[in-house]
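A.B. asks: This one is upload-v6.csv, CSV, C-alpha atoms and all ligand atoms.
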```
chain,number,residue,atom,x,y,z
W,29,MET,CA,37.6,-17.7,10.2
W,30,LYS,CA,36.5,-15.6,13.1
W,31,ASN,CA,36.2,-12.6,10.8
W,32,ARG,CA,34.1,-14.6,8.3
W,33,LEU,CA,31.8,-15.7,11.1
W,34,SER,CA,31.3,-12.1,12.4
W,35,LEU,CA,30.7,-10.9,8.9
W,36,LEU,CA,28.0,-13.6,8.5
W,37,ALA,CA,26.6,-12.5,11.8
W,38,ILE,CA,26.4,-8.9,10.6
W,39,VAL,CA,24.8,-9.9,7.3
W,40,GLY,CA,22.4,-12.1,9.3
W,41,ILE,CA,21.5,-9.3,11.6
W,42,ALA,CA,21.1,-6.8,8.8
W,43,SER,CA,18.7,-9.0,6.9
W,44,LEU,CA,16.7,-9.7,10.0
W,45,THR,CA,16.5,-5.9,10.6
W,46,SER,CA,15.4,-5.3,7.0
W,47,LEU,CA,12.8,-8.0,7.4
W,48,ALA,CA,11.5,-6.3,10.5
W,49,ALA,CA,11.4,-3.0,8.7
W,50,ALA,CA,9.5,-4.3,5.7
W,51,PRO,CA,5.7,-3.5,6.0
W,52,VAL,CA,3.9,-6.7,7.0
W,53,MET,CA,0.3,-6.3,5.8
W,54,GLY,CA,-2.4,-7.2,8.2
W,55,GLN,CA,-0.2,-8.2,11.1
W,56,ASN,CA,0.1,-5.2,13.4
W,57,ALA,CA,-3.3,-3.7,14.1
W,58,PRO,CA,-3.2,0.0,13.6
W,59,PRO,CA,-3.5,2.3,16.6
W,60,PRO,CA,-7.1,3.3,17.5
W,61,GLY,CA,-8.3,6.2,15.3
W,62,ASP,CA,-9.1,9.7,16.6
W,63,VAL,CA,-12.4,10.8,14.9
W,64,THR,CA,-11.7,14.6,15.4
W,65,ARG,CA,-8.2,14.2,13.9
W,66,GLY,CA,-9.7,12.1,11.1
W,67,GLU,CA,-12.2,14.8,10.2
W,68,TYR,CA,-9.5,17.4,10.2
W,69,LEU,CA,-7.4,15.3,7.8
W,70,VAL,CA,-10.3,14.4,5.5
W,71,LYS,CA,-11.4,18.0,5.2
W,72,GLY,CA,-7.8,19.3,4.9
W,73,MET,CA,-6.7,16.8,2.3
W,74,GLY,CA,-9.7,17.3,0.0
W,75,CYS,CA,-11.1,13.8,-0.1
W,76,GLY,CA,-14.4,15.4,-1.0
W,77,ASP,CA,-13.0,17.1,-4.1
W,78,CYS,CA,-13.2,13.8,-5.8
W,79,HIS,CA,-15.4,11.6,-3.6
W,80,THR,CA,-18.3,14.0,-3.1
W,81,PRO,CA,-20.2,14.5,-6.4
W,82,MET,CA,-20.2,18.1,-7.7
W,83,LYS,CA,-23.4,19.8,-8.9
W,84,MET,CA,-23.5,23.0,-11.0
W,85,GLY,CA,-24.0,26.1,-8.8
W,86,PRO,CA,-24.1,29.8,-9.8
W,87,ALA,CA,-20.3,30.0,-9.8
W,88,GLY,CA,-19.5,26.6,-11.4
W,89,PRO,CA,-19.3,23.1,-9.9
W,90,GLU,CA,-19.8,22.9,-6.1
W,91,ALA,CA,-20.0,19.9,-3.7
W,92,ASP,CA,-23.5,18.3,-3.5
W,93,ASN,CA,-23.7,18.1,0.3
W,94,SER,CA,-26.6,15.7,0.1
W,95,ARG,CA,-24.2,13.1,-1.2
W,96,THR,CA,-21.0,13.7,0.9
W,97,LEU,CA,-18.2,11.3,0.1
W,98,SER,CA,-20.6,8.8,-1.6
W,99,GLY,CA,-18.6,8.5,-4.8
W,100,HIS,CA,-19.6,8.4,-8.4
W,101,PRO,CA,-23.5,8.4,-8.5
W,102,GLN,CA,-24.8,5.0,-9.7
W,103,SER,CA,-27.6,6.7,-11.6
W,104,LEU,CA,-25.1,8.6,-13.7
W,105,VAL,CA,-24.2,6.2,-16.5
W,106,MET,CA,-21.3,7.7,-18.5
W,107,PRO,CA,-21.5,7.8,-22.3
W,108,PRO,CA,-18.4,6.7,-24.3
W,109,VAL,CA,-15.2,8.7,-23.7
W,110,PRO,CA,-15.1,11.7,-26.1
W,111,GLU,CA,-12.3,12.0,-28.7
W,112,LEU,CA,-9.6,14.4,-27.5
W,113,PRO,CA,-8.0,17.0,-29.8
W,114,LYS,CA,-4.3,16.6,-30.7
W,115,GLY,CA,-2.1,18.2,-28.0
W,116,PRO,CA,-1.1,17.7,-24.4
W,117,TRP,CA,-4.5,16.9,-23.0
W,118,LEU,CA,-4.4,13.6,-21.1
W,119,GLY,CA,-7.9,12.8,-20.1
W,120,VAL,CA,-11.4,14.0,-19.3
W,121,VAL,CA,-13.5,14.2,-16.1
W,122,SER,CA,-17.3,14.1,-15.6
W,123,ALA,CA,-19.2,17.2,-14.5
W,124,THR,CA,-19.5,15.5,-11.1
W,125,PHE,CA,-15.7,15.2,-10.7
W,126,THR,CA,-16.3,11.5,-9.9
W,127,SER,CA,-15.5,9.8,-13.2
W,128,TRP,CA,-12.1,10.1,-14.8
W,129,ALA,CA,-10.9,8.8,-18.2
W,130,GLY,CA,-7.3,8.6,-19.2
W,131,PRO,CA,-4.7,6.1,-20.3
W,132,TRP,CA,-5.8,3.9,-17.3
W,133,GLY,CA,-9.3,3.6,-18.7
W,134,VAL,CA,-12.2,5.1,-16.7
W,135,SER,CA,-12.0,5.2,-12.9
W,136,PHE,CA,-14.9,6.1,-10.7
W,137,THR,CA,-14.4,7.6,-7.2
W,138,ALA,CA,-15.4,5.2,-4.4
W,139,ASN,CA,-18.2,5.4,-1.9
W,140,LEU,CA,-16.4,6.2,1.4
W,141,THR,CA,-19.5,6.3,3.6
W,142,PRO,CA,-20.1,3.5,6.1
W,143,ASP,CA,-22.9,1.8,4.0
W,144,ARG,CA,-22.2,-2.0,4.4
W,145,GLU,CA,-23.2,-3.0,0.9
W,146,THR,CA,-21.8,-0.2,-1.2
W,147,GLY,CA,-19.4,1.7,1.0
W,148,LEU,CA,-16.7,1.0,3.6
W,149,GLY,CA,-19.1,-0.3,6.3
W,150,ALA,CA,-17.7,-3.8,6.2
W,151,TRP,CA,-14.0,-2.6,6.2
W,152,LYS,CA,-11.8,-2.6,9.3
W,153,ALA,CA,-9.2,0.1,10.0
W,154,GLN,CA,-6.6,-2.6,9.0
W,155,THR,CA,-8.3,-3.0,5.6
W,156,PHE,CA,-8.1,0.8,5.0
W,157,VAL,CA,-4.5,1.1,6.2
W,158,ASP,CA,-3.4,-1.9,4.1
W,159,THR,CA,-5.2,-0.5,1.0
W,160,ILE,CA,-3.4,2.8,1.2
W,161,ARG,CA,0.0,1.2,2.1
W,162,SER,CA,-0.2,-1.3,-0.8
W,163,GLY,CA,-2.0,0.8,-3.4
W,164,ARG,CA,-4.3,-2.1,-4.0
W,165,VAL,CA,-8.0,-2.5,-3.3
W,166,MET,CA,-8.4,-4.3,0.1
W,167,ALA,CA,-4.6,-4.8,0.0
W,168,LYS,CA,-4.7,-7.8,-2.3
W,169,GLY,CA,-7.0,-6.8,-5.2
W,170,ARG,CA,-6.3,-4.7,-8.3
W,171,GLN,CA,-4.1,-1.6,-8.3
W,172,LEU,CA,-5.7,1.7,-7.3
W,173,LEU,CA,-6.1,3.9,-10.4
W,174,PRO,CA,-5.5,7.6,-10.9
W,175,PRO,CA,-6.3,10.1,-9.7
W,176,MET,CA,-6.6,8.5,-6.3
W,177,PRO,CA,-3.7,10.2,-4.4
W,178,PHE,CA,-2.6,7.1,-2.4
W,179,PRO,CA,1.1,7.8,-3.0
W,180,ALA,CA,0.7,11.1,-1.1
W,181,MET,CA,-1.4,9.4,1.6
W,182,GLN,CA,1.4,6.9,2.1
W,183,ASN,CA,3.3,9.7,3.8
W,184,LEU,CA,0.8,9.6,6.7
W,185,THR,CA,1.3,7.5,9.8
W,186,ASP,CA,-0.8,4.5,10.6
W,187,ALA,CA,-2.3,6.5,13.4
W,188,ASP,CA,-3.5,9.2,11.0
W,189,LEU,CA,-4.8,6.7,8.4
W,190,ALA,CA,-6.7,4.9,11.2
W,191,SER,CA,-8.1,8.3,12.3
W,192,ILE,CA,-9.3,9.0,8.7
W,193,PHE,CA,-11.0,5.7,8.7
W,194,ALA,CA,-12.5,6.3,12.1
W,195,TYR,CA,-14.0,9.6,10.9
W,196,LEU,CA,-15.3,8.0,7.7
W,197,GLN,CA,-17.2,5.5,9.8
W,198,THR,CA,-19.1,8.3,11.5
W,199,ILE,CA,-20.5,10.1,8.5
W,200,PRO,CA,-24.0,9.4,7.2
W,201,LYS,CA,-24.4,6.1,5.3
W,202,ILE,CA,-25.4,6.6,1.6
W,203,ALA,CA,-26.3,3.5,-0.4
W,204,ASN,CA,-24.6,4.1,-3.8
W,205,ARG,CA,-23.1,1.3,-5.8
W,206,VAL,CA,-20.1,2.8,-7.7
W,207,PRO,CA,-19.4,1.1,-11.1
W,208,ASP,CA,-16.3,-1.0,-11.6
W,209,PRO,CA,-13.5,0.8,-13.6
W,210,ILE,CA,-13.5,0.3,-17.3
W,211,PRO,CA,-10.2,-1.0,-18.7
W,212,PRO,CA,-8.4,1.1,-21.4
W,213,LYS,CA,-9.2,-1.4,-24.2
W,214,ASP,CA,-13.0,-0.8,-23.6
W,215,ALA,CA,-12.7,2.9,-23.2
W,216,PRO,CA,-9.8,4.2,-25.3
W,217,VAL,CA,-8.9,7.9,-24.9
W,218,ARG,CA,-8.0,8.6,-28.5
T,301,LIG,C1,-8.0,13.5,-7.1
T,301,LIG,C2,-9.2,12.7,-6.8
T,301,LIG,C3,-9.2,12.0,-5.5
T,301,LIG,C4,-8.9,12.4,-4.2
T,301,LIG,C5,-8.5,13.9,-3.8
T,301,LIG,C6,-9.1,11.3,-3.3
T,301,LIG,N1,-9.5,10.2,-4.0
T,301,LIG,FE1,-9.8,8.4,-3.2
T,301,LIG,N2,-10.2,7.6,-5.0
T,301,LIG,C7,-10.2,8.4,-6.2
T,301,LIG,C8,-10.6,7.5,-7.3
T,301,LIG,C9,-10.7,7.9,-8.8
T,301,LIG,C10,-10.8,6.2,-6.7
T,301,LIG,C11,-11.1,4.9,-7.5
T,301,LIG,C12,-9.8,4.3,-7.9
T,301,LIG,C13,-9.9,2.9,-8.4
T,301,LIG,O1,-11.0,2.5,-8.8
T,301,LIG,O2,-8.9,2.2,-8.5
T,301,LIG,C14,-10.5,6.3,-5.3
T,301,LIG,C15,-10.6,5.3,-4.4
T,301,LIG,C16,-10.4,5.4,-3.0
T,301,LIG,C17,-10.4,4.3,-2.1
T,301,LIG,C18,-10.6,2.8,-2.5
T,301,LIG,C19,-12.0,2.4,-2.1
T,301,LIG,C20,-12.4,1.0,-2.6
T,301,LIG,O3,-13.5,0.6,-2.3
T,301,LIG,O4,-11.6,0.4,-3.3
T,301,LIG,C21,-10.3,4.8,-0.9
T,301,LIG,C22,-10.3,4.0,0.4
T,301,LIG,C23,-10.2,6.2,-1.0
T,301,LIG,N3,-10.2,6.5,-2.3
T,301,LIG,C24,-10.0,7.1,0.0
T,301,LIG,C25,-9.7,8.5,-0.1
T,301,LIG,C26,-9.5,9.4,1.0
T,301,LIG,C27,-9.6,9.0,2.4
T,301,LIG,C28,-9.1,10.6,0.4
T,301,LIG,C29,-8.6,11.8,1.1
T,301,LIG,C30,-7.5,11.7,2.0
T,301,LIG,C31,-9.2,10.4,-1.0
T,301,LIG,N4,-9.5,9.1,-1.3
T,301,LIG,C32,-8.9,11.4,-1.9
T,301,LIG,C33,-10.0,9.7,-6.3
T,301,LIG,C34,-9.6,10.6,-5.3
```
Is it possible to express this structure as C-alpha cells?

C.D. replies:
Amino acid sequence: MKNRLSLLAIVGIASLTSLAAAPVMGQNAPPPGDVTRGEYLVKGMGCGDCHTPMKMGPAGPEADNSRTLSGHPQSLVMPPVPELPKGPWLGVVSATFTSWAGPWGVSFTANLTPDRETGLGAWKAQTFVDTIRSGRVMAKGRQLLPPMPFPAMQNLTDADLASIFAYLQTIPKIANRVPDPIPPKDAPVR
C-alpha cells in the first residue's frame, strides 16, 4: 500500500512537472527586449532576405532599402502561378522575393515595421513570442506558411525573441498592406 501511494505521488509530481514545463502561451511576460541585440539578430538571421522587397540591380536582385522589412508590396498584384516543368522543382518566387508559391498555395512576406494598421505596431512582445513559439499567426490564428523559418527561430530564447521584437519596433514605419495568402485550391502549382 505504501509503495502504491509513493508511486502515485511520483506520478503526480511527474505530471505536475511536465505541466510546468509545457509552454503556457500568454502567461509569463517575456523579458524586456534589448534593441541592440535585436538588430544584431535581425541582420544576422537574414529576416530582410524575405521581408525586404528586392529590386533589380546591376548584379541581380538587391534589397530595396526604401522599403526595409515592409513585406510584399501591396502594389505588386501577382499574376496566376506559372506552370512548372516536370522534375524536382517545388515552387516559384516573385522577383521581389516576397511572394512564394508552392504546395502550400501562395504566401506573402509580412510587414514587420511598426505601422499600426498594416505592420506589427499593434503587437506586444508577447504576441510576437507566442506567434513564433506556436507557429500560428498571433498564436491562435492560422498556421504560418513556408518559407517563414519559425522552426529555426523556436531555438531562440524568449529574451532573444523579445529583443528582435524590440528592434523591429524602432525601424521606420511603412504603410503597406500585405495580401492574405492564397490557398492551394485557388493557386495550384501544377
Ligand atoms: C525565407 C524567407 C523568410 C525569412 C528568412 C523570414 N521570414 Fe518571416 N515570413 C516569411 C513569410 C513567407 C511569411 C508569411 C507567412 C504566412 O503568411 O503564413 C512570414 C511571416 C512572418 C511573421 C508573421 C507576421 C504576421 O503578421 O502574421 C513574422 C512575425 C515574421 N515573419 C518575422 C520574421 C523575422 C523576425 C525573421 C528573421 C528572424 C523572419 N521573419 C525571416 C518569410 C520569411

A.B. asks: Quick one: everything within 8 Å of segment 136-139 of chain W, counting all atoms listed in the file, minus sequence neighbours fewer than 2 positions away in the same chain. Send it as a count of residues only.

C.D. replies: 21

A.B. asks: Tell me which of W:Trp151, W:Asp143, W:Ala190, W:Met82 sits closest to Pro60 of chain W, counting all atoms listed in the file.

C.D. replies: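 Checking each of W:Trp151, W:Asp143, W:Ala190, W:Met82 against Pro60 of chain W, counting all atoms listed in the file, the winner is W:Ala190.
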
A.B. asks: Let me make sure I understand: among W:Arg65, W:Arg170, W:Arg95, W:Lys152, which one has the smallest atom-to-atom distance to ligand LIG 301 (chain T) if we use all atoms listed in the file?

C.D. replies: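 Result for the nearest residue to ligand LIG 301 (chain T): W:Arg170.
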
A.B. asks: Which is closest to ligand LIG 301 (chain T) among W:Asp158, W:Asp188, W:Glu90, W:Asp77, if we use all atoms listed in the file?

C.D. replies: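 Closest candidate: W:Asp77.
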
A.B. asks: What does the distance between atom CA of Gly169 of chain W and atom CA of Thr155 of chain W come to in Å, to one decimal place?

C.D. replies: 11.5 Å

A.B. asks: Find the residue from W:Ile192, W:Ile202, W:Ala123, W:Ala215 that sits nearest to Met84 of chain W; use only C-alpha atoms when measuring.

C.D. replies: W:Ala123

A.B. asks: Would you compute the distance between atom C9 of ligand LIG 301 (chain T) and atom CA of Asn93 of chain W? Give it in Å to one decimal.

C.D. replies: 18.9 Å
